[in-house]
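*Asks:* Dumping the structure here so I can ask a few things about it.
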Amino acid sequence: MSETGTADRLIQFIREEYRTSDPIPLHAPAFRGNEQKYVADAIESTFVSSVGAYVDRFERDIEAFTGCERAVATVNGTAALHIGLRLLGVGPGDLVVTQPLTFVATCNAISYCGAEPLFIDVDRHTMGLSPAALAAWLEENAFVDDDGLCRTKQAQRAIRACVPMHTFGHPVELDRLVDVCAIWGIPLLEDAAESLGSYYNGRHTGTFGAVATLSFNGNKTITTGGGGMVLTSHALGARAKHITTTAKVAHPFEYVHDEVGYNYRMPNLNAALGCAQMEQLAGFLAAKRALAERYAALLDGNEYQFVREPEGCRSNYWLNAVICEGREQRDALLGQTNGQGVMTRPIWALMNHLPMYEKSIRGDLSNAQWLAERVVNLPSSVPPAQL
Ligand SMILES: *Cc1c(COP(=O)(O)O)cnc(C)c1O
């Protein structure tokens, strides 16, 4: 089959899945449950912003679903990352390990703390941070000081945290990463923005490190319009709640704040949307998985390699992806699909190529580079319900 032929069949398949001749987006939200009802109820209650029953309910829903001890809702996923890093004590001059293949929010949050990313390569089969590459880099370039803090040999800079990201919902090799981080005394923060509903060895992503964060932006598996969540322990969760709510000391009427806090709370209106979305999450995940299986069946044996969940993992298949044979084939596929109103996208520009992070410390990044030249995301919205 020629490349044009496969791309044409792919376009036809996608049009049949979404049953429309209109432009097809990469990931549109689905509102098929109690969204209108709960949002109307929030308005009715007059509790639309910083406090309200839906915020608490949404947090408890996420705790029950993921199995984390404590979930704290935030205004977006980037704010959750910022708070997560603060919980781990990340501050000015620190280094934070992360992958170059991620959405810019991961690195922005590191910058907000006055810290700098330290880029380590990804594995090709997970597209996320490589434990082997991290171990090798640390072996050569780092040591653990007398206080148990990991530092670079060269400038003795503290490596304060490690932030892997579960690309498109596919979990990184968490067991090995947890081990490497433990050996080197580096706290783990999972950027699980894309992996709600993804499991590693039967355990939900975002429950392996000291902290994890979720995003409920409009393009994620479920949405609150804008929103995020910090997943952590009871102790760090209490601190996260405090600093995301202006660090106000509980009092019936006095305004007293005991440190510089943030106004990072999720409004009750958004949480109302989130509660309705949570009721449909299991159905969304099943539908997305079935779609991924149909993509895989269509593309098996063709020149575009469909990205499957890593071994031992159950992925949410947030964004479906193929790996092309090379850049030319990738660009041809992007051109043909977008030209016919089927939205596809290349993976993000590598973070170390952005002007803010051009000079950041890095290891060898050849897998990230290899993937960046080949990956194309395919439309992944929950398809319309079967009639
Ligand atoms: C979506 C996303 C975030 C958070 O984004 P917000 O728009 O701030 O909610 C963070 N990291 C990754 C990898 C993401 O995909």
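Starting from 1 in every chain, residues are counted up; chains themselves are A, B, ... following the order of the structure tokens, and ligands are numbered from 1 as listed.
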Near segment 309-311 of chain A, within 10 Å and counting only C-alpha atoms, which residues show up once chain neighbours fewer than 4 positions away are dropped, as a list in words?
*Replies:*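 Selected residues are His125, Thr126, Met127, Phe168, Gly169, His170, Pro171, Val172, Glu173, Ser198, Tyr200, Asn201, Ala292, Ser315, Asn316 and Tyr317 of chain A.
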*Asks:* Those same residues - N, CA and C atoms - I'd like them written as an mmCIF file, in the first residue's frame.
*Replies:*
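Result saved to again_30.cif:
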```
data_model
loop_
_atom_site.group_PDB
_atom_site.id
_atom_site.type_symbol
_atom_site.label_atom_id
_atom_site.label_comp_id
_atom_site.auth_asym_id
_atom_site.auth_seq_id
_atom_site.Cartn_x
_atom_site.Cartn_y
_atom_site.Cartn_z
ATOM 1 N N HIS A 125 9.920 3.596 23.864
ATOM 2 C CA HIS A 125 8.678 2.811 24.004
ATOM 3 C C HIS A 125 7.664 3.461 24.946
ATOM 4 N N THR A 126 8.091 4.390 25.810
ATOM 5 C CA THR A 126 7.119 5.085 26.666
ATOM 6 C C THR A 126 6.960 6.552 26.251
ATOM 7 N N MET A 127 7.933 7.105 25.536
ATOM 8 C CA MET A 127 8.003 8.524 25.175
ATOM 9 C C MET A 127 8.145 9.411 26.417
ATOM 10 N N PHE A 168 1.009 11.501 26.514
ATOM 11 C CA PHE A 168 -0.243 11.079 25.860
ATOM 12 C C PHE A 168 -0.996 10.025 26.679
ATOM 13 N N GLY A 169 -0.637 9.904 27.969
ATOM 14 C CA GLY A 169 -1.306 8.939 28.842
ATOM 15 C C GLY A 169 -0.541 7.638 29.027
ATOM 16 N N HIS A 170 0.581 7.464 28.311
ATOM 17 C CA HIS A 170 1.365 6.229 28.454
ATOM 18 C C HIS A 170 2.348 6.374 29.622
ATOM 19 N N PRO A 171 2.221 5.503 30.631
ATOM 20 C CA PRO A 171 3.072 5.656 31.820
ATOM 21 C C PRO A 171 4.557 5.438 31.526
ATOM 22 N N VAL A 172 5.418 6.221 32.187
ATOM 23 C CA VAL A 172 6.864 5.977 32.135
ATOM 24 C C VAL A 172 7.151 4.718 32.959
ATOM 25 N N GLU A 173 8.364 4.220 32.901
ATOM 26 C CA GLU A 173 8.742 3.023 33.685
ATOM 27 C C GLU A 173 8.879 3.414 35.154
ATOM 28 N N SER A 198 -4.854 6.185 33.636
ATOM 29 C CA SER A 198 -3.753 5.314 33.210
ATOM 30 C C SER A 198 -3.119 4.641 34.416
ATOM 31 N N TYR A 200 -0.105 1.826 36.031
ATOM 32 C CA TYR A 200 1.168 1.125 35.897
ATOM 33 C C TYR A 200 1.134 -0.040 36.870
ATOM 34 N N ASN A 201 1.257 -1.247 36.377
ATOM 35 C CA ASN A 201 1.145 -2.442 37.230
ATOM 36 C C ASN A 201 -0.097 -2.393 38.121
ATOM 37 N N ALA A 292 -8.781 3.362 20.151
ATOM 38 C CA ALA A 292 -7.354 3.063 19.960
ATOM 39 C C ALA A 292 -7.185 1.678 19.338
ATOM 40 N N SER A 315 -3.133 2.166 29.519
ATOM 41 C CA SER A 315 -3.105 3.591 29.172
ATOM 42 C C SER A 315 -4.517 4.113 28.973
ATOM 43 N N ASN A 316 -4.699 5.395 29.224
ATOM 44 C CA ASN A 316 -6.008 6.006 28.959
ATOM 45 C C ASN A 316 -6.168 6.366 27.472
ATOM 46 N N TYR A 317 -5.084 6.199 26.687
ATOM 47 C CA TYR A 317 -5.089 6.588 25.272
ATOM 48 C C TYR A 317 -5.680 7.982 25.093
#
```
*Asks:* Would you name the residues within 10 Å of ligand 1, counting only C-alpha atoms and all ligand atoms, and put them as a CSV table (one decimal) with N, CA and C atoms, in the first residue's frame?
*Replies:*
```csv
chain,number,residue,atom,x,y,z
A,74,THR,N,-7.0,22.9,41.9
A,74,THR,CA,-6.3,24.2,41.6
A,74,THR,C,-6.9,24.8,40.3
A,75,VAL,N,-6.5,26.0,40.0
A,75,VAL,CA,-7.1,26.8,38.9
A,75,VAL,C,-6.7,26.2,37.6
A,76,ASN,N,-5.6,25.6,37.5
A,76,ASN,CA,-5.2,24.9,36.2
A,76,ASN,C,-4.0,23.9,36.6
A,77,GLY,N,-3.6,23.1,35.6
A,77,GLY,CA,-2.6,22.2,35.8
A,77,GLY,C,-1.2,22.8,36.0
A,78,THR,N,-1.0,23.9,35.4
A,78,THR,CA,0.3,24.6,35.6
A,78,THR,C,0.4,25.1,37.0
A,79,ALA,N,-0.6,25.6,37.6
A,79,ALA,CA,-0.6,26.0,39.0
A,79,ALA,C,-0.4,24.8,39.9
A,80,ALA,N,-1.0,23.7,39.5
A,80,ALA,CA,-0.8,22.5,40.4
A,80,ALA,C,0.7,22.1,40.3
A,81,LEU,N,1.3,22.2,39.2
A,81,LEU,CA,2.7,21.9,39.1
A,81,LEU,C,3.6,22.8,39.9
A,82,HIS,N,3.2,24.1,39.8
A,82,HIS,CA,4.0,25.1,40.6
A,82,HIS,C,3.9,24.8,42.1
A,101,LEU,N,10.8,16.3,26.0
A,101,LEU,CA,9.6,16.0,25.3
A,101,LEU,C,8.4,16.1,26.2
A,102,THR,N,7.9,17.3,26.3
A,102,THR,CA,6.7,17.6,27.2
A,102,THR,C,6.1,18.9,26.7
A,103,PHE,N,4.9,19.2,27.3
A,103,PHE,CA,4.2,20.4,27.1
A,103,PHE,C,5.0,21.5,27.9
A,104,VAL,N,5.0,22.7,27.5
A,104,VAL,CA,5.9,23.7,28.1
A,104,VAL,C,5.5,24.0,29.5
A,105,ALA,N,4.3,23.7,29.9
A,105,ALA,CA,3.9,24.0,31.3
A,105,ALA,C,4.8,23.3,32.3
A,106,THR,N,5.3,22.1,32.1
A,106,THR,CA,6.2,21.4,33.0
A,106,THR,C,7.4,22.3,33.3
A,107,CYS,N,8.0,22.9,32.3
A,107,CYS,CA,9.2,23.7,32.4
A,107,CYS,C,8.8,25.1,33.0
A,108,ASN,N,7.7,25.6,32.6
A,108,ASN,CA,7.3,26.9,33.1
A,108,ASN,C,7.2,26.9,34.6
A,109,ALA,N,6.6,25.8,35.1
A,109,ALA,CA,6.4,25.7,36.6
A,109,ALA,C,7.7,25.7,37.3
A,164,PRO,N,8.9,13.4,35.9
A,164,PRO,CA,8.6,12.7,34.6
A,164,PRO,C,7.2,13.1,34.1
A,165,MET,N,6.9,12.9,32.9
A,165,MET,CA,5.6,13.2,32.3
A,165,MET,C,5.1,12.0,31.5
A,166,HIS,N,3.8,11.6,31.8
A,166,HIS,CA,3.3,10.4,31.1
A,166,HIS,C,2.7,10.8,29.8
A,167,THR,N,3.5,10.8,28.8
A,167,THR,CA,3.2,11.3,27.5
A,167,THR,C,2.0,10.7,26.8
A,168,PHE,N,1.0,11.5,26.5
A,168,PHE,CA,-0.2,11.1,25.9
A,168,PHE,C,-1.0,10.0,26.7
A,169,GLY,N,-0.6,9.9,28.0
A,169,GLY,CA,-1.3,8.9,28.8
A,169,GLY,C,-0.5,7.6,29.0
A,190,GLU,N,5.2,13.4,39.7
A,190,GLU,CA,4.6,12.9,38.4
A,190,GLU,C,3.8,14.0,37.8
A,191,ASP,N,4.1,14.5,36.6
A,191,ASP,CA,3.2,15.3,35.8
A,191,ASP,C,2.3,14.4,35.1
A,192,ALA,N,1.1,14.1,35.8
A,192,ALA,CA,0.1,13.2,35.3
A,192,ALA,C,-1.0,13.9,34.6
A,193,ALA,N,-0.7,15.1,34.1
A,193,ALA,CA,-1.7,16.0,33.4
A,193,ALA,C,-2.5,15.2,32.3
A,194,GLU,N,-1.8,14.3,31.6
A,194,GLU,CA,-2.3,13.6,30.5
A,194,GLU,C,-2.8,12.2,30.8
A,195,SER,N,-2.6,11.7,32.1
A,195,SER,CA,-2.7,10.3,32.4
A,195,SER,C,-3.8,9.9,33.4
A,213,THR,N,0.5,15.8,39.7
A,213,THR,CA,-0.5,16.8,39.3
A,213,THR,C,-1.3,16.4,38.1
A,214,LEU,N,-2.5,16.8,38.1
A,214,LEU,CA,-3.4,16.6,36.9
A,214,LEU,C,-3.8,17.9,36.3
A,215,SER,N,-4.4,17.8,35.1
A,215,SER,CA,-4.9,19.0,34.4
A,215,SER,C,-6.3,18.6,33.9
A,216,PHE,N,-7.2,19.6,34.0
A,216,PHE,CA,-8.6,19.4,33.5
A,216,PHE,C,-8.9,20.5,32.4
A,217,ASN,N,-7.8,20.8,31.7
A,217,ASN,CA,-8.0,21.8,30.6
A,217,ASN,C,-9.0,21.2,29.5
A,218,GLY,N,-9.5,22.0,28.7
A,218,GLY,CA,-10.6,21.6,27.7
A,218,GLY,C,-10.2,20.5,26.8
A,219,ASN,N,-8.9,20.2,26.6
A,219,ASN,CA,-8.5,19.2,25.7
A,219,ASN,C,-8.1,17.9,26.4
A,220,LYS,N,-8.2,17.8,27.7
A,220,LYS,CA,-7.8,16.6,28.5
A,220,LYS,C,-8.9,15.6,28.5
A,223,THR,N,-12.7,17.5,31.6
A,223,THR,CA,-12.4,18.9,31.7
A,223,THR,C,-13.3,19.6,32.7
A,224,THR,N,-12.7,20.7,33.3
A,224,THR,CA,-13.5,21.6,34.1
A,224,THR,C,-13.5,23.0,33.5
A,225,GLY,N,-13.2,23.0,32.2
A,225,GLY,CA,-13.0,24.3,31.5
A,225,GLY,C,-11.5,24.6,31.6
A,226,GLY,N,-11.1,25.0,32.8
A,226,GLY,CA,-9.7,25.1,33.2
A,226,GLY,C,-9.6,24.5,34.6
A,227,GLY,N,-8.6,23.8,34.9
A,227,GLY,CA,-8.5,23.3,36.3
A,227,GLY,C,-7.3,22.3,36.4
A,228,GLY,N,-7.0,22.1,37.6
A,228,GLY,CA,-5.9,21.1,37.9
A,228,GLY,C,-6.0,20.5,39.3
A,229,MET,N,-5.2,19.6,39.6
A,229,MET,CA,-5.2,19.0,40.9
A,229,MET,C,-3.9,18.6,41.4
```
*Asks:* Counting only C-alpha atoms, what is within 10 Å of segment 39-43 of chain A, bar same-chain residues fewer than 2 positions away, as a list of chain:residue names?
*Replies:*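 Residues near the query, excluding close chain neighbours: A:Asn34, A:Glu35, A:Gln36, A:Lys37, A:Ser45, A:Thr46, A:Phe47, A:Val48, A:Ser49, A:Gly52, A:Ala53, A:Tyr54, A:Asn268, A:Leu269, A:Asn270, A:Ala271, A:Ala272, A:Leu273, A:Gly274, A:Cys275, A:Ala276.
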*Asks:* Hey, can you check how far atom CA of Glu373 of chain A sits from atom CA of Cys181 of chain A?
*Replies:*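 These two atoms are separated by 29.4 Å.
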*Asks:* Pick from A:Val90, A:Ala64, A:Met356, A:Ile83: nearest to Ala240 of chain A, with only C-alpha atoms counted?
*Replies:*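 Among A:Val90, A:Ala64, A:Met356, A:Ile83, it is A:Ile83 that comes nearest to Ala240 of chain A.
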*Asks:* Give the answer as one residue: which of A:Pro131, A:Gly67, A:Pro117, A:Pro25 has the shortest atom-to-atom distance to Asp94 of chain A, using only C-alpha atoms?
*Replies:*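 Under the stated criterion, the closest residue is A:Pro117.
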*Asks:* From a DSSP pass on the backbone, collect the residues of segment 256-341 of chain A flagged as helix (DSSP H, G or I) and hand them back as a ChimeraX atom specification.
*Replies:* /A:268-299,327-339
*Asks:* Using C-alpha atoms, can you export the residues from the last selection as a PDB file, in the first residue's frame?
*Replies:*
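Everything below was put into result.pdb:
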```
ATOM      1  CA  ASN A 268     -16.904  25.982  42.387  1.00  0.00           C
ATOM      2  CA  LEU A 269     -18.443  26.522  38.922  1.00  0.00           C
ATOM      3  CA  ASN A 270     -15.578  24.637  37.325  1.00  0.00           C
ATOM      4  CA  ALA A 271     -15.692  21.908  39.958  1.00  0.00           C
ATOM      5  CA  ALA A 272     -19.418  21.417  39.191  1.00  0.00           C
ATOM      6  CA  LEU A 273     -18.446  20.638  35.608  1.00  0.00           C
ATOM      7  CA  GLY A 274     -15.735  18.300  36.923  1.00  0.00           C
ATOM      8  CA  CYS A 275     -18.196  16.320  39.080  1.00  0.00           C
ATOM      9  CA  ALA A 276     -20.430  15.725  36.059  1.00  0.00           C
ATOM     10  CA  GLN A 277     -17.415  14.674  33.984  1.00  0.00           C
ATOM     11  CA  MET A 278     -16.237  12.249  36.692  1.00  0.00           C
ATOM     12  CA  GLU A 279     -19.547  10.393  36.427  1.00  0.00           C
ATOM     13  CA  GLN A 280     -18.703   9.693  32.775  1.00  0.00           C
ATOM     14  CA  LEU A 281     -14.981   8.989  33.119  1.00  0.00           C
ATOM     15  CA  ALA A 282     -15.232   5.178  33.032  1.00  0.00           C
ATOM     16  CA  GLY A 283     -17.337   5.368  29.874  1.00  0.00           C
ATOM     17  CA  PHE A 284     -14.936   7.849  28.241  1.00  0.00           C
ATOM     18  CA  LEU A 285     -11.990   5.564  29.015  1.00  0.00           C
ATOM     19  CA  ALA A 286     -13.722   2.514  27.550  1.00  0.00           C
ATOM     20  CA  ALA A 287     -14.673   4.429  24.394  1.00  0.00           C
ATOM     21  CA  LYS A 288     -11.156   5.845  23.980  1.00  0.00           C
ATOM     22  CA  ARG A 289      -9.646   2.399  24.420  1.00  0.00           C
ATOM     23  CA  ALA A 290     -11.982   0.909  21.816  1.00  0.00           C
ATOM     24  CA  LEU A 291     -11.073   3.730  19.403  1.00  0.00           C
ATOM     25  CA  ALA A 292      -7.354   3.063  19.960  1.00  0.00           C
ATOM     26  CA  GLU A 293      -7.911  -0.624  19.192  1.00  0.00           C
ATOM     27  CA  ARG A 294      -9.661   0.244  15.932  1.00  0.00           C
ATOM     28  CA  TYR A 295      -6.798   2.597  14.981  1.00  0.00           C
ATOM     29  CA  ALA A 296      -4.313  -0.167  15.778  1.00  0.00           C
ATOM     30  CA  ALA A 297      -6.204  -2.711  13.668  1.00  0.00           C
ATOM     31  CA  LEU A 298      -6.364  -0.280  10.746  1.00  0.00           C
ATOM     32  CA  LEU A 299      -2.676   0.620  10.895  1.00  0.00           C
ATOM     33  CA  ARG A 327      10.484  13.479   8.898  1.00  0.00           C
ATOM     34  CA  GLU A 328       9.469  13.536   5.239  1.00  0.00           C
ATOM     35  CA  GLN A 329       6.760  10.937   5.764  1.00  0.00           C
ATOM     36  CA  ARG A 330       5.623  12.765   8.908  1.00  0.00           C
ATOM     37  CA  ASP A 331       5.277  16.069   7.054  1.00  0.00           C
ATOM     38  CA  ALA A 332       3.403  14.388   4.203  1.00  0.00           C
ATOM     39  CA  LEU A 333       0.910  12.838   6.652  1.00  0.00           C
ATOM     40  CA  LEU A 334       0.459  16.161   8.491  1.00  0.00           C
ATOM     41  CA  GLY A 335      -0.078  17.976   5.184  1.00  0.00           C
ATOM     42  CA  GLN A 336      -2.543  15.486   3.767  1.00  0.00           C
ATOM     43  CA  THR A 337      -4.706  15.145   6.901  1.00  0.00           C
ATOM     44  CA  ASN A 338      -4.816  18.827   7.864  1.00  0.00           C
ATOM     45  CA  GLY A 339      -5.406  19.718   4.202  1.00  0.00           C
TER      46      GLY A 339
END
```
*Asks:* Which residue is closest to Val376 of chain A? Choose from A:Ala158, A:Leu189, A:Leu26, A:Val211 and count only C-alpha atoms.
*Replies:*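 Closest to Val376 of chain A of all the choices is A:Leu26.
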*Asks:* Have a look at atom CA of Asp179 of chain A and atom CA of Ser360 of chain A and let me know their distance in Å, one decimal.
*Replies:*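 About the pair atom CA of Asp179 of chain A and atom CA of Ser360 of chain A: they are 25.1 Å apart.
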*Asks:* Considering only C-alpha atoms, return as a PyMOL selection string whatever protein or nucleic-acid residues lie within 10 Å of Leu118 of chain A, sequence-local ones (same chain, fewer than 5 positions apart) excluded.
*Replies:* chain A and resi 94-100+107+159+162-163+352+357+360-363
*Asks:* Write down as a PyMOL selection string the residues of segment 97-255 of chain A whose backbone DSSP state falls under strand (DSSP E or B).
*Replies:* chain A and resi 97-98+116-119+122+129+142-144+150-152+158-163+165+188-191+199-200+203-204+211-215+228-232+245+248
*Asks:* What separation in Å, quoted to one decimal, exists between atom CA of Tyr262 of chain A and atom CA of Lys248 of chain A?
*Replies:*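 Separation between atom CA of Tyr262 of chain A and atom CA of Lys248 of chain A: 10.0 Å.
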*Asks:* I'd like to know which of A:Arg239, A:Arg176, A:His27, A:His204 is closest to Thr221 of chain A, using only C-alpha atoms.
*Replies:*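 The shortest atom-to-atom distance to Thr221 of chain A comes from A:His27.
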*Asks:* Which one of A:Ala155, A:Cys150, A:Ala30, A:Ala132 sits closest to Asp175 of chain A if you count only C-alpha atoms?
*Replies:*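 Counting only C-alpha atoms, the residue closest to Asp175 of chain A is A:Ala132.
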